[in-house]
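Structure record follows, encoded as structure tokens.
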Amino acid sequence: MHGHDCAHAAGGGVEVENLQALDVLMRPGVRACHHCDAAAIFGAVLQLGGGHA
Ligand SMILES: [Zn+2]
């Protein structure tokens, strides 16, 4: 999982909306990229997601 402007995301990626991205991140083995904003953004969202939609 990458941010839109991450160099590591180049090629073969599927662009998804944020809610879809969250759903993807919930899947086993899927990790947010730490080279771009993905980890920061979705990490924060997932931590906040415990009971607060
Ligand atoms: Zn990335």
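Following the order of the structure tokens, chains are lettered A, B, ..., residues in each are numbered from 1, and ligands are numbered from 1.
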
Tell me, as a PyMOL selection string, which residues lie within 7 Å of A:Ala38, counting only C-alpha atoms; anything in the same chain fewer than 5 positions away does not count.
chain A and resi 1-3+32-33

May I have the residues from that selection written out with N, CA, C and O atoms, as an mmCIF file, in the first residue's frame?
data_model
loop_
_atom_site.group_PDB
_atom_site.id
_atom_site.type_symbol
_atom_site.label_atom_id
_atom_site.label_comp_id
_atom_site.auth_asym_id
_atom_site.auth_seq_id
_atom_site.Cartn_x
_atom_site.Cartn_y
_atom_site.Cartn_z
ATOM 1 N N MET A 1 0.836 -1.188 0.000
ATOM 2 C CA MET A 1 0.000 0.000 0.000
ATOM 3 C C MET A 1 0.878 1.248 0.000
ATOM 4 O O MET A 1 1.791 1.358 0.822
ATOM 5 N N HIS A 2 0.629 2.141 -0.930
ATOM 6 C CA HIS A 2 1.455 3.330 -1.068
ATOM 7 C C HIS A 2 0.600 4.583 -1.159
ATOM 8 O O HIS A 2 -0.586 4.530 -1.501
ATOM 9 N N GLY A 3 1.252 5.694 -0.877
ATOM 10 C CA GLY A 3 0.643 6.985 -1.178
ATOM 11 C C GLY A 3 0.662 7.216 -2.685
ATOM 12 O O GLY A 3 1.358 6.532 -3.427
ATOM 13 N N ALA A 32 1.355 -1.259 5.015
ATOM 14 C CA ALA A 32 1.490 0.073 4.445
ATOM 15 C C ALA A 32 2.964 0.390 4.212
ATOM 16 O O ALA A 32 3.808 0.065 5.042
ATOM 17 N N CYS A 33 3.267 1.019 3.089
ATOM 18 C CA CYS A 33 4.640 1.369 2.747
ATOM 19 C C CYS A 33 5.174 2.418 3.714
ATOM 20 O O CYS A 33 4.496 3.385 4.028
#

Which chains and residue numbers are within 12 Å of ligand 1, counting only C-alpha atoms and all ligand atoms, if I want them as a PyMOL selection string?
chain A and resi 1-11+13+31-42

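The gap separating atom CA of A:Arg27 from atom CA of A:Ala44 is 16.9 Å, in Å to one decimal.
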